Amino acid sequence: MRIVIIGGGVTGLSAAYELVKAGRRPVLIEAHSHLGGVIQTETVEGCVLEGGPDSFLSAKPAANELIREVGLDDQLIGSNDASRVTYLVRGGRLIPLPDGLMMMVPTRIMPVALSPLLSWGTKIRMGLEYFRKPPAGPMPDRTVAEFIEDHYGRETVDYLAEPLLSGVYGGSVDRLSVGSVLTRFVELEKKYGSLTRGVLEARKRAPKGQGSAPLFQTLKGGLAQLTGELERRVRPHCDVITGTAEQVERTGSTYRVRVGGDAVDAAGVIMACPAWQAGVLLRPVHAGLADLLEGIEYSSSVTLALGYRREQCGPVPPGFGFLVPSKERKTLVACTFVGAKFPYRVPDSHLVLRCFLGGAGHEAVLDRSDDEIVGAVRRELRELLGWDADPAFLRIRRWRRSMAQYTVGHAARIESLRGILRELPELQLAGNAYEGIGVPDCVRTGRQAARALITE
Ligand SMILES: Cc1cc2nc3c(=O)[nH]c(=O)nc-3n(C[C@H](O)[C@H](O)[C@H](O)COP(=O)(O)OP(=O)(O)OC[C@H]3O[C@@H](n4cnc5c(N)ncnc54)[C@H](O)[C@@H]3O)c2cc1C
């Protein structure tokens, strides 16, 4: 009997690739006519536009490894870290993030002391944090806001933690779990008390040569090069069903997947769709599992790429782009200067601004018309950059319930989930909802799920 994969994004494709490599012929069910999920690349006037993910963290090796394995290593590029300045909006101005910040942890005194981003009260508090003692006993899971406020004060939450995490998770610091989202900082707190001291100590111990890799990596022609190559390799050895899986049922140790009025019998099933969808599908199999899956929150977002001909637009400051803290936010959450972050992606003749909107608590933007969204973004860009111009092209994408939110208690929920799954070894969950939100986590969990079923 076959293995069925539900969901044809990078997670499902990675699982299919692993199964095909092992000589299996899986069935891949995907609701849309194209594979790749939220990874959607388009090239317009020589500019590479990413509708969804645009890059991945190089610190997590799984995506890099797969890219090399499928022969795309010559396409791999790193972020242009020499110009890695990120700005934050404060008082309507773009202020560079001071050097020496590791997320919101200050590791150098002078750049932070001289930065106009934070008040003197916060800077002094940041300095005093160095002397903090480890907690007396185990700490419960807390929100990111509670944790950072406790260490560095409310202003650090508002002007560092909140915009940084909105940009990555589209999430709210008042709901995200510090244990799941900033796991490393929780470990440092436990060991050192002070995050600043912990980060400095960890750096001293890090093997020499670390830190030279670029922060982000991607593919010259866009991340769809990876999903496209995976699809090219698996298509001939895989049955792709274009349709929405409606239900999964279990009889003994085998499964039946209902799709488009048909039923596919399976020896194993990999759920590579969003957790809330997996919950709906798996309710007949295990109601407790379905409750846990449906309990994982998701946020919705919009990406808007604005492409300009250079001669028609004004300058942008040197750097990767900017983040807008919630306190200053109207519509824009973040904006990447694409050609500065990844020079290969935009010819000198053009400028591309990739804007990110929505996220937890700001989802109403998804219901606004394209014209309204573009108008609001252009007004805000004019205020921040000092110019406005008619874009030569633009692309807008709405991503509903696409980004999993690791809210307080997430680790405990995943533990319960794993407990139930131990009793259902032919059922595997993979994707960004469980133990890592990024593309590398999707690749890793997709491949692991396939390997687990091959072993079974
Ligand atoms: C806008 C956005 C930007 C992101 N940017 C980055 C980034 O820059 N870097 C990074 O590392 N991560 C990023 N992420 C996070 C993460 O890496 C991506 O979400 C990742 O590509 C998810 O892949 P996936 O295959 O798990 O899910 P998806 O790409 O969502 O694919 C799931 C697929 O399942 C299908 N499906 C759902 N239900 C069913 C059903 N019942 N039957 C059949 N098919 C179904 C869907 O149609 C979809 O194609 C971003 C996420 C979003 C939403």
# chains A, B, ... in the order shown; residues from 1 in each chain; ligands from 1
call {"tool": "residues_near_ligand", "arguments": {"ligand": "ligand 1", "cutoff": "6 Å", "atoms": "only C-alpha atoms and all ligand atoms", "output": "number ranges by chain"}}
result
A: 6-12, 29-32, 37-39, 52-56, 243-246, 272-273, 277, 399, 402-403, 431-432, 437-439, 442
call {"tool": "residues_around", "arguments": {"residues": "Ser326 (chain A)", "least_positions_apart": "4", "cutoff": "9 Å", "atoms": "only C-alpha atoms", "output": "list of chain:residue names"}}
result
A:Asp158, A:Tyr159, A:Glu162, A:Pro163, A:Ser166, A:Lys330, A:Val333
call {"tool": "write_last_selection", "arguments": {"atoms": "C-alpha atoms", "output": "PDB file, in the first residue's frame"}}
result
ATOM      1  CA  ASP A 158       8.025  47.959  22.041  1.00  0.00           C
ATOM      2  CA  TYR A 159      11.016  49.018  19.944  1.00  0.00           C
ATOM      3  CA  GLU A 162       7.830  43.464  18.972  1.00  0.00           C
ATOM      4  CA  PRO A 163       9.023  44.676  15.533  1.00  0.00           C
ATOM      5  CA  SER A 166       6.364  40.731  13.880  1.00  0.00           C
ATOM      6  CA  LYS A 330      -0.332  52.219  10.308  1.00  0.00           C
ATOM      7  CA  VAL A 333       4.978  46.051   9.241  1.00  0.00           C
TER       8      VAL A 333
END
call {"tool": "closest_residue", "arguments": {"among": "A:Gly153, A:Gly23, A:Pro135, A:Pro111", "to": "Ile454 (chain A)", "atoms": "only C-alpha atoms"}}
result
A:Gly23
call {"tool": "residues_around", "arguments": {"residues": "Leu351 (chain A)", "least_positions_apart": "6", "cutoff": "12 Å", "atoms": "only C-alpha atoms", "output": "JSON, numbers by chain"}}
result
{"A": [44, 45, 46, 47, 48, 49, 305, 306, 307, 308, 309, 310, 311, 312, 313, 314, 315, 316, 336, 337, 338, 339, 340, 341, 342, 343, 345, 389, 391, 392, 393, 394]}
call {"tool": "select_by_dssp", "arguments": {"residues": "region 139-172 of chain A", "states": "alpha helix (DSSP H)", "output": "JSON, numbers by chain"}}
result
{"A": [144, 145, 146, 147, 148, 149, 150, 151, 152, 154, 155, 156, 162, 163, 164, 165, 166, 167, 168, 169]}
call {"tool": "closest_residue", "arguments": {"among": "A:Gly167, A:Gly419, A:Gly179, A:Pro116", "to": "Tyr406 (chain A)", "atoms": "only C-alpha atoms"}}
result
A:Gly179
call {"tool": "closest_residue", "arguments": {"among": "A:Gly268, A:Gly375, A:Gly51, A:Gly361", "to": "Asp388 (chain A)", "atoms": "only C-alpha atoms"}}
result
A:Gly375
call {"tool": "closest_residue", "arguments": {"among": "A:Val408, A:Val70, A:Ala82, A:Leu427", "to": "Ile270 (chain A)", "atoms": "only C-alpha atoms"}}
result
A:Leu427
call {"tool": "residues_around", "arguments": {"residues": "Gly228 (chain A)", "least_positions_apart": "3", "cutoff": "12 Å", "atoms": "only C-alpha atoms", "output": "PyMOL selection string"}}
result
chain A and resi 8-10+13-14+17+34-37+39-41+67+70+72+219+221-225+231-235
call {"tool": "closest_atom_pairs", "arguments": {"of": "region 3-112 of chain A", "to": "region 379-386 of chain A", "cutoff": "12 Å", "atoms": "only C-alpha atoms", "output": "Markdown table"}}
result
| residue | atom | partner | partner_atom | distance |
| --- | --- | --- | --- | --- |
| A:Tyr87 | CA | A:Leu384 | CA | 10.9 |
| A:Leu88 | CA | A:Leu384 | CA | 10.7 |
| A:Val89 | CA | A:Leu384 | CA | 8.3 |
| A:Arg90 | CA | A:Leu384 | CA | 10.3 |
| A:Gly91 | CA | A:Leu384 | CA | 10.3 |
| A:Gly92 | CA | A:Leu384 | CA | 6.6 |
| A:Arg93 | CA | A:Leu384 | CA | 6.3 |
| A:Leu94 | CA | A:Leu384 | CA | 6.9 |
| A:Ile95 | CA | A:Leu384 | CA | 10.7 |
call {"tool": "decode", "arguments": {"residues": "region 264-308 of chain A", "atoms": "N, CA and C atoms", "output": "JSON list (two decimals), in the first residue's frame"}}
result
[["chain", "number", "residue", "atom", "x", "y", "z"],
["A", 264, "VAL", "N", -8.37, 7.06, -1.20],
["A", 264, "VAL", "CA", -7.04, 6.49, -1.45],
["A", 264, "VAL", "C", -6.63, 5.73, -0.19],
["A", 265, "ASP", "N", -6.35, 4.45, -0.34],
["A", 265, "ASP", "CA", -5.92, 3.67, 0.83],
["A", 265, "ASP", "C", -4.42, 3.83, 1.00],
["A", 266, "ALA", "N", -4.01, 3.92, 2.26],
["A", 266, "ALA", "CA", -2.61, 4.24, 2.52],
["A", 266, "ALA", "C", -2.06, 3.44, 3.68],
["A", 267, "ALA", "N", -0.80, 3.02, 3.52],
["A", 267, "ALA", "CA", -0.11, 2.35, 4.64],
["A", 267, "ALA", "C", 0.40, 3.40, 5.63],
["A", 268, "GLY", "N", 0.59, 4.62, 5.14],
["A", 268, "GLY", "CA", 1.06, 5.70, 6.00],
["A", 268, "GLY", "C", 0.62, 7.03, 5.42],
["A", 269, "VAL", "N", 0.44, 8.02, 6.30],
["A", 269, "VAL", "CA", 0.01, 9.34, 5.83],
["A", 269, "VAL", "C", 0.93, 10.40, 6.43],
["A", 270, "ILE", "N", 1.37, 11.33, 5.58],
["A", 270, "ILE", "CA", 2.16, 12.48, 6.05],
["A", 270, "ILE", "C", 1.29, 13.72, 5.90],
["A", 271, "MET", "N", 1.01, 14.36, 7.03],
["A", 271, "MET", "CA", 0.21, 15.57, 6.99],
["A", 271, "MET", "C", 1.18, 16.74, 6.81],
["A", 272, "ALA", "N", 1.27, 17.26, 5.57],
["A", 272, "ALA", "CA", 2.18, 18.36, 5.28],
["A", 272, "ALA", "C", 1.39, 19.63, 4.95],
["A", 273, "CYS", "N", 0.19, 19.69, 5.51],
["A", 273, "CYS", "CA", -0.66, 20.87, 5.34],
["A", 273, "CYS", "C", -0.65, 21.64, 6.66],
["A", 274, "PRO", "N", -1.22, 22.86, 6.74],
["A", 274, "PRO", "CA", -1.23, 23.58, 8.02],
["A", 274, "PRO", "C", -1.91, 22.75, 9.13],
["A", 275, "ALA", "N", -1.46, 22.97, 10.37],
["A", 275, "ALA", "CA", -1.96, 22.16, 11.49],
["A", 275, "ALA", "C", -3.48, 22.27, 11.65],
["A", 276, "TRP", "N", -4.04, 23.48, 11.43],
["A", 276, "TRP", "CA", -5.49, 23.61, 11.62],
["A", 276, "TRP", "C", -6.24, 22.75, 10.61],
["A", 277, "GLN", "N", -5.66, 22.61, 9.40],
["A", 277, "GLN", "CA", -6.28, 21.77, 8.37],
["A", 277, "GLN", "C", -6.08, 20.29, 8.74],
["A", 278, "ALA", "N", -4.89, 19.95, 9.23],
["A", 278, "ALA", "CA", -4.63, 18.57, 9.65],
["A", 278, "ALA", "C", -5.63, 18.17, 10.74],
["A", 279, "GLY", "N", -5.92, 19.12, 11.64],
["A", 279, "GLY", "CA", -6.88, 18.85, 12.73],
["A", 279, "GLY", "C", -8.25, 18.49, 12.18],
["A", 280, "VAL", "N", -8.72, 19.27, 11.21],
["A", 280, "VAL", "CA", -10.04, 19.00, 10.62],
["A", 280, "VAL", "C", -10.05, 17.61, 9.97],
["A", 281, "LEU", "N", -8.99, 17.31, 9.21],
["A", 281, "LEU", "CA", -8.95, 16.05, 8.46],
["A", 281, "LEU", "C", -8.85, 14.83, 9.39],
["A", 282, "LEU", "N", -8.13, 15.02, 10.51],
["A", 282, "LEU", "CA", -7.85, 13.86, 11.37],
["A", 282, "LEU", "C", -8.88, 13.64, 12.47],
["A", 283, "ARG", "N", -9.93, 14.45, 12.51],
["A", 283, "ARG", "CA", -10.92, 14.30, 13.60],
["A", 283, "ARG", "C", -11.47, 12.87, 13.69],
["A", 284, "PRO", "N", -11.78, 12.22, 12.56],
["A", 284, "PRO", "CA", -12.29, 10.84, 12.69],
["A", 284, "PRO", "C", -11.25, 9.87, 13.25],
["A", 285, "VAL", "N", -9.97, 10.21, 13.13],
["A", 285, "VAL", "CA", -8.91, 9.30, 13.60],
["A", 285, "VAL", "C", -8.73, 9.44, 15.11],
["A", 286, "HIS", "N", -8.68, 10.69, 15.60],
["A", 286, "HIS", "CA", -8.41, 10.90, 17.02],
["A", 286, "HIS", "C", -8.86, 12.32, 17.40],
["A", 287, "ALA", "N", -9.93, 12.42, 18.16],
["A", 287, "ALA", "CA", -10.49, 13.74, 18.47],
["A", 287, "ALA", "C", -9.51, 14.58, 19.31],
["A", 288, "GLY", "N", -8.79, 13.92, 20.23],
["A", 288, "GLY", "CA", -7.84, 14.66, 21.08],
["A", 288, "GLY", "C", -6.71, 15.26, 20.24],
["A", 289, "LEU", "N", -6.24, 14.48, 19.28],
["A", 289, "LEU", "CA", -5.19, 14.95, 18.38],
["A", 289, "LEU", "C", -5.71, 16.14, 17.56],
["A", 290, "ALA", "N", -6.93, 15.99, 17.07],
["A", 290, "ALA", "CA", -7.54, 17.06, 16.26],
["A", 290, "ALA", "C", -7.66, 18.34, 17.09],
["A", 291, "ASP", "N", -8.06, 18.22, 18.37],
["A", 291, "ASP", "CA", -8.19, 19.41, 19.23],
["A", 291, "ASP", "C", -6.85, 20.11, 19.37],
["A", 292, "LEU", "N", -5.80, 19.30, 19.62],
["A", 292, "LEU", "CA", -4.47, 19.90, 19.79],
["A", 292, "LEU", "C", -4.03, 20.61, 18.51],
["A", 293, "LEU", "N", -4.26, 19.97, 17.38],
["A", 293, "LEU", "CA", -3.83, 20.57, 16.11],
["A", 293, "LEU", "C", -4.60, 21.85, 15.81],
["A", 294, "GLU", "N", -5.90, 21.80, 16.06],
["A", 294, "GLU", "CA", -6.70, 22.99, 15.78],
["A", 294, "GLU", "C", -6.41, 24.11, 16.77],
["A", 295, "GLY", "N", -5.80, 23.73, 17.91],
["A", 295, "GLY", "CA", -5.45, 24.74, 18.92],
["A", 295, "GLY", "C", -4.19, 25.52, 18.56],
["A", 296, "ILE", "N", -3.46, 25.10, 17.55],
["A", 296, "ILE", "CA", -2.26, 25.86, 17.14],
["A", 296, "ILE", "C", -2.73, 27.04, 16.30],
["A", 297, "GLU", "N", -2.44, 28.24, 16.80],
["A", 297, "GLU", "CA", -2.94, 29.44, 16.11],
["A", 297, "GLU", "C", -2.12, 29.74, 14.87],
["A", 298, "TYR", "N", -2.74, 30.45, 13.95],
["A", 298, "TYR", "CA", -2.05, 30.89, 12.72],
["A", 298, "TYR", "C", -2.32, 32.37, 12.50],
["A", 299, "SER", "N", -1.36, 33.07, 11.91],
["A", 299, "SER", "CA", -1.64, 34.46, 11.54],
["A", 299, "SER", "C", -1.68, 34.56, 10.01],
["A", 300, "SER", "N", -2.28, 35.65, 9.56],
["A", 300, "SER", "CA", -2.44, 35.88, 8.12],
["A", 300, "SER", "C", -1.64, 37.13, 7.75],
["A", 301, "SER", "N", -1.16, 37.16, 6.53],
["A", 301, "SER", "CA", -0.34, 38.32, 6.15],
["A", 301, "SER", "C", -0.49, 38.64, 4.66],
["A", 302, "VAL", "N", 0.08, 39.76, 4.29],
["A", 302, "VAL", "CA", 0.07, 40.19, 2.89],
["A", 302, "VAL", "C", 1.51, 40.55, 2.52],
["A", 303, "THR", "N", 1.95, 40.13, 1.33],
["A", 303, "THR", "CA", 3.23, 40.66, 0.83],
["A", 303, "THR", "C", 2.92, 41.50, -0.41],
["A", 304, "LEU", "N", 3.62, 42.60, -0.51],
["A", 304, "LEU", "CA", 3.45, 43.50, -1.64],
["A", 304, "LEU", "C", 4.83, 43.86, -2.17],
["A", 305, "ALA", "N", 5.09, 43.51, -3.42],
["A", 305, "ALA", "CA", 6.37, 43.90, -4.04],
["A", 305, "ALA", "C", 6.11, 45.08, -4.95],
["A", 306, "LEU", "N", 6.86, 46.15, -4.73],
["A", 306, "LEU", "CA", 6.75, 47.34, -5.57],
["A", 306, "LEU", "C", 8.05, 47.45, -6.37],
["A", 307, "GLY", "N", 7.96, 47.42, -7.69],
["A", 307, "GLY", "CA", 9.16, 47.50, -8.54],
["A", 307, "GLY", "C", 9.20, 48.84, -9.25],
["A", 308, "TYR", "N", 10.35, 49.52, -9.17],
["A", 308, "TYR", "CA", 10.51, 50.84, -9.78],
["A", 308, "TYR", "C", 11.68, 50.83, -10.75]]
